[in-house]
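Novice: What follows is a single structure, and I will ask about it in a moment.
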Amino acid sequence: MPTYDQLLEELKSIRRPGLPDLRSIDRPALRAAAVAGGFCDGSDDAPAGIEALLKEAVRRLGERDLLGQAAAHTFGLLPDRRGAPAHDRRKTAATVYGVTSERFRKHQEPQVLQQLAEAVLTILREPPTPSGGQGSTGRSPGPGAGARNPAEPGPAGQSTLARGGRTGRTVRIGQEPPLRVGSVPVDAQSTFTLHVSPIELLRDIEVLVSSENVYLEMSKTFRPTVSGALRLAAAVRDPAGEIVDDVLARELAAWLRAHGRPGLPIRPGTVVPTSPGALAARGVRRIYHAAVATPLDDTYEVRPESIARAVGACFALARAERDRYEPALASICFPLLGAGRGGLTPAVSATWLRWAIRDELARDARWRVHLVVRSREIAEAVGAL
């Protein structure tokens, strides 16, 4: 798999000559990324595969986001811009930020290239999506699709997951396909169901909980976070796969305006509901956004007591909304709140979650509670608690 530095260097090398130059000079890192991502089979179709990979990376940056728009202009990924001269592409990209071409070259362009390289790596690192599921990119199968047993080790300590008709992407051990572990005791009377899965791939759980910051600013859709994954999966797309309605971010922004809080923080532990957007097709009825993370410079702070408040607020909101639906709301799923960039260890997050869930189930035992984690190791740690 290519490294970030290799990808960034090759992106810099094609900025000036543009996409038409992809066949004349081999870019091994981008070619390897396109093959690994299932965008092409090998060297002969590598130029088209690299172009498709870059378009997908731009989509992950966000077609309405400044970074995504500038990246699309920089590489001529828009209709009728593929063969535009380098200076024209840079000039158009600079207008996205409202700056001169020279200022863009010195300040914004390096960030655009860096974030595009990060987006490519995100595509390669993410767990594979089952065919036809939410967020499917519709990539063509690679040459090794289904050729290896899912558990069979690949080169350099990696394993290849076969995905029925889709490319067998090489992923690091620990990125397992979705797995339902089963019931884990909360106390002597209650249990919850533990899943090893990306949260957006769960089905027929009526309420999914997302971890947010106190400004209710969701993660970018290309970020490997619960917030970013749910935002991407809930977005409504047109027949071409382009996002036409960023449902969750739009509804959160409307809630902030209605409560006089745009640009202002809310109390940690506050929970705000939105519709499920496109996730309704998977049986999801509501998304509850738990504001638990407080930004601090380049990181976040999550206090464990904010997790307990958020869990209590989730159940209170679910009880208030339960009878508005037919059949009534009955299931709710939590991720490990605060265990990502929030800095809490999975054990600390799981301990506070279980304590708060136990308290709520003692009050009302009718709820079916689920917990979702991303790896077997974390699942085993949670079960051991």
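To be explicit about the labels: the chains of the structure tokens are called A, B, and onward in the order shown, and within each one the residues are counted from 1, while ligands get numbers from 1 in the order they are shown.
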Using DSSP on the backbone coordinates, identify all residues within segment 164-308 of chain A classified as strand (DSSP E); present the result as a PyMOL selection string.
Specialist: chain A and resi 166-172+179-185+191-196+207-213+236-237+243-245+270-274+286-296+299-301
Novice: Using only C-alpha atoms, tabulate the residues of segment 1-58 of chain A lying at most 12 Å from any atom of segment 216-229 of chain A, each with its closest atom pair and that distance in Å to one decimal, by chain and increasing residue number, as JSON lines.
Specialist:
{"residue": "A:Glu56", "atom": "CA", "partner": "A:Phe222", "partner_atom": "CA", "distance": 10.0}
{"residue": "A:Ala57", "atom": "CA", "partner": "A:Phe222", "partner_atom": "CA", "distance": 8.1}
{"residue": "A:Val58", "atom": "CA", "partner": "A:Phe222", "partner_atom": "CA", "distance": 9.3}
Novice: Apply DSSP to the structure's backbone, then extract all residues of segment 208-313 of chain A labelled helix (DSSP H, G or I) and return them as a PyMOL selection string.
Specialist: chain A and resi 226-234+247-258+277-282+304-313
Novice: Could those residues be written to a file, using N, CA, C and O atoms, as a tab-separated table (two decimals), in the first residue's frame?
Specialist:
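The resulting file, result09.tsv, is reproduced below:
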chain	number	residue	atom	x	y	z
A	226	VAL	N	-17.42	8.17	13.66
A	226	VAL	CA	-18.85	7.84	13.68
A	226	VAL	C	-19.66	8.98	13.07
A	226	VAL	O	-20.55	8.76	12.24
A	227	SER	N	-19.33	10.20	13.45
A	227	SER	CA	-20.06	11.37	12.93
A	227	SER	C	-19.94	11.48	11.42
A	227	SER	O	-20.93	11.66	10.71
A	228	GLY	N	-18.71	11.36	10.90
A	228	GLY	CA	-18.51	11.46	9.46
A	228	GLY	C	-19.17	10.33	8.69
A	228	GLY	O	-19.73	10.53	7.61
A	229	ALA	N	-19.11	9.11	9.25
A	229	ALA	CA	-19.70	7.96	8.58
A	229	ALA	C	-21.22	8.08	8.50
A	229	ALA	O	-21.84	7.80	7.46
A	230	LEU	N	-21.86	8.50	9.60
A	230	LEU	CA	-23.31	8.65	9.59
A	230	LEU	C	-23.73	9.80	8.67
A	230	LEU	O	-24.74	9.71	7.97
A	231	ARG	N	-22.96	10.87	8.68
A	231	ARG	CA	-23.28	12.01	7.79
A	231	ARG	C	-23.27	11.57	6.33
A	231	ARG	O	-24.16	11.92	5.56
A	232	LEU	N	-22.25	10.80	5.95
A	232	LEU	CA	-22.15	10.34	4.57
A	232	LEU	C	-23.26	9.36	4.22
A	232	LEU	O	-23.89	9.46	3.17
A	233	ALA	N	-23.53	8.41	5.12
A	233	ALA	CA	-24.52	7.39	4.82
A	233	ALA	C	-25.93	7.95	4.79
A	233	ALA	O	-26.80	7.43	4.09
A	234	ALA	N	-26.20	9.01	5.55
A	234	ALA	CA	-27.55	9.58	5.61
A	234	ALA	C	-27.82	10.58	4.49
A	234	ALA	O	-28.97	10.93	4.25
A	247	VAL	N	-28.30	15.80	4.82
A	247	VAL	CA	-29.47	15.82	5.70
A	247	VAL	C	-29.10	16.14	7.15
A	247	VAL	O	-29.67	17.06	7.77
A	248	LEU	N	-28.17	15.39	7.72
A	248	LEU	CA	-27.88	15.53	9.15
A	248	LEU	C	-27.29	16.89	9.48
A	248	LEU	O	-27.71	17.56	10.43
A	249	ALA	N	-26.30	17.33	8.69
A	249	ALA	CA	-25.69	18.64	8.93
A	249	ALA	C	-26.72	19.75	8.75
A	249	ALA	O	-26.72	20.74	9.50
A	250	ARG	N	-27.59	19.62	7.75
A	250	ARG	CA	-28.62	20.64	7.51
A	250	ARG	C	-29.58	20.74	8.70
A	250	ARG	O	-29.90	21.85	9.15
A	251	GLU	N	-30.04	19.60	9.22
A	251	GLU	CA	-31.00	19.64	10.31
A	251	GLU	C	-30.36	20.12	11.62
A	251	GLU	O	-31.01	20.80	12.42
A	252	LEU	N	-29.09	19.78	11.84
A	252	LEU	CA	-28.41	20.30	13.03
A	252	LEU	C	-28.25	21.82	12.95
A	252	LEU	O	-28.43	22.53	13.95
A	253	ALA	N	-27.90	22.31	11.77
A	253	ALA	CA	-27.77	23.76	11.59
A	253	ALA	C	-29.11	24.45	11.84
A	253	ALA	O	-29.17	25.54	12.45
A	254	ALA	N	-30.21	23.84	11.39
A	254	ALA	CA	-31.53	24.41	11.62
A	254	ALA	C	-31.86	24.43	13.11
A	254	ALA	O	-32.46	25.40	13.62
A	255	TRP	N	-31.48	23.36	13.84
A	255	TRP	CA	-31.73	23.32	15.29
A	255	TRP	C	-30.95	24.43	15.99
A	255	TRP	O	-31.50	25.10	16.88
A	256	LEU	N	-29.71	24.65	15.60
A	256	LEU	CA	-28.91	25.70	16.22
A	256	LEU	C	-29.52	27.08	15.97
A	256	LEU	O	-29.56	27.92	16.86
A	257	ARG	N	-30.00	27.31	14.75
A	257	ARG	CA	-30.63	28.60	14.46
A	257	ARG	C	-31.91	28.77	15.27
A	257	ARG	O	-32.17	29.84	15.83
A	258	ALA	N	-32.71	27.70	15.35
A	258	ALA	CA	-33.98	27.78	16.08
A	258	ALA	C	-33.76	28.04	17.57
A	258	ALA	O	-34.61	28.65	18.23
A	277	GLY	N	-32.41	10.47	7.29
A	277	GLY	CA	-32.02	10.64	5.90
A	277	GLY	C	-32.10	9.33	5.14
A	277	GLY	O	-33.04	8.55	5.29
A	278	ALA	N	-31.07	9.06	4.34
A	278	ALA	CA	-31.05	7.84	3.53
A	278	ALA	C	-30.93	6.58	4.36
A	278	ALA	O	-31.19	5.48	3.85
A	279	LEU	N	-30.54	6.70	5.63
A	279	LEU	CA	-30.45	5.51	6.49
A	279	LEU	C	-31.82	4.93	6.83
A	279	LEU	O	-31.89	3.84	7.41
A	280	ALA	N	-32.89	5.62	6.48
A	280	ALA	CA	-34.23	5.06	6.68
A	280	ALA	C	-34.38	3.75	5.92
A	280	ALA	O	-35.13	2.85	6.33
A	281	ALA	N	-33.64	3.61	4.80
A	281	ALA	CA	-33.71	2.38	4.02
A	281	ALA	C	-33.14	1.19	4.78
A	281	ALA	O	-33.41	0.03	4.42
A	282	ARG	N	-32.37	1.43	5.84
A	282	ARG	CA	-31.81	0.35	6.65
A	282	ARG	C	-32.61	0.16	7.94
A	282	ARG	O	-32.14	-0.51	8.87
A	304	PRO	N	-15.91	12.11	31.37
A	304	PRO	CA	-16.75	10.91	31.48
A	304	PRO	C	-18.17	11.21	31.94
A	304	PRO	O	-19.12	10.57	31.50
A	305	GLU	N	-18.33	12.20	32.81
A	305	GLU	CA	-19.68	12.50	33.27
A	305	GLU	C	-20.57	13.03	32.15
A	305	GLU	O	-21.80	12.91	32.21
A	306	SER	N	-19.95	13.61	31.09
A	306	SER	CA	-20.74	14.06	29.94
A	306	SER	C	-21.35	12.86	29.21
A	306	SER	O	-22.43	12.96	28.63
A	307	ILE	N	-20.64	11.73	29.23
A	307	ILE	CA	-21.18	10.51	28.63
A	307	ILE	C	-22.42	10.07	29.37
A	307	ILE	O	-23.46	9.73	28.77
A	308	ALA	N	-22.36	10.08	30.70
A	308	ALA	CA	-23.51	9.67	31.49
A	308	ALA	C	-24.70	10.59	31.24
A	308	ALA	O	-25.85	10.13	31.10
A	309	ARG	N	-24.45	11.92	31.17
A	309	ARG	CA	-25.54	12.85	30.89
A	309	ARG	C	-26.13	12.61	29.51
A	309	ARG	O	-27.35	12.66	29.31
A	310	ALA	N	-25.26	12.33	28.53
A	310	ALA	CA	-25.74	12.10	27.17
A	310	ALA	C	-26.59	10.84	27.08
A	310	ALA	O	-27.62	10.81	26.39
A	311	VAL	N	-26.16	9.77	27.77
A	311	VAL	CA	-26.95	8.54	27.76
A	311	VAL	C	-28.32	8.79	28.36
A	311	VAL	O	-29.36	8.38	27.82
A	312	GLY	N	-28.35	9.49	29.50
A	312	GLY	CA	-29.63	9.81	30.12
A	312	GLY	C	-30.52	10.65	29.21
A	312	GLY	O	-31.73	10.42	29.11
A	313	ALA	N	-29.91	11.62	28.51
A	313	ALA	CA	-30.67	12.47	27.60
A	313	ALA	C	-31.18	11.68	26.40
A	313	ALA	O	-32.28	11.93	25.90
Novice: With only C-alpha atoms as the basis for distance, which of A:Thr74, A:Thr351, A:Gln69, A:Ser275 is at the shortest distance from Arg89 of chain A?
Specialist: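 Closest to Arg89 of chain A, using only C-alpha atoms: A:Thr74.
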Novice: Got a sec: who's within 8 Å of segment 49-55 of chain A, counting only C-alpha atoms, leaving out chain neighbours fewer than 4 positions off, as a PyMOL selection string?
Specialist: chain A and resi 19+30-31+33-35+37+39-40+45+59+72+77+116+120
Novice: May I ask for the distance between atom CA of Glu206 of chain A and atom CA of Ala365 of chain A, given in Å to one decimal place?
Specialist: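 So the two atoms, atom CA of Glu206 of chain A and atom CA of Ala365 of chain A, lie 16.4 Å apart.
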Novice: Could you name the residues that touch segment 93-99 of chain A at 12 Å or less, counting only C-alpha atoms, but leaving out those on the same chain fewer than 5 positions away, as a list in words?
Specialist: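 Close residues of segment 93-99 of chain A: Arg15, Glu63, Arg64, Asp65, Leu66, Leu67, Gly68, Gln69, Ala70, Ala71, Ala72, His73, Thr74, Phe75, Gly76, Leu77, Leu78, Arg81, Ala86, His87, Asp88, Phe104, Arg105, Lys106, His107, Gln108, Glu109 and Val112 of chain A.
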Novice: Take atom CA of Tyr288 of chain A and atom CA of Leu194 of chain A and report the distance between them in Å, one decimal.
Specialist: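 Computed distance, atom CA of Tyr288 of chain A to atom CA of Leu194 of chain A, equals 18.8 Å.
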Novice: Can you pull out the residues contacting Glu377 of chain A? Cut-off 10 Å, using only C-alpha atoms, and skip same-chain residues under 4 positions away; I want them as an MDAnalysis selection string.
Specialist: chainID A and resid 174 196 373 381:383
Novice: Quick one, how far is atom CA of Arg341 of chain A from atom CA of Glu301 of chain A?
Specialist: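 Computing the Euclidean distance for atom CA of Arg341 of chain A and atom CA of Glu301 of chain A yields 8.4 Å.
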Novice: Closest to Glu118 of chain A among A:Ala36, A:Ile287, A:Ala316, A:Leu8, using only C-alpha atoms?
Specialist: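 Answer, going by the shortest atom-to-atom distance: A:Leu8.
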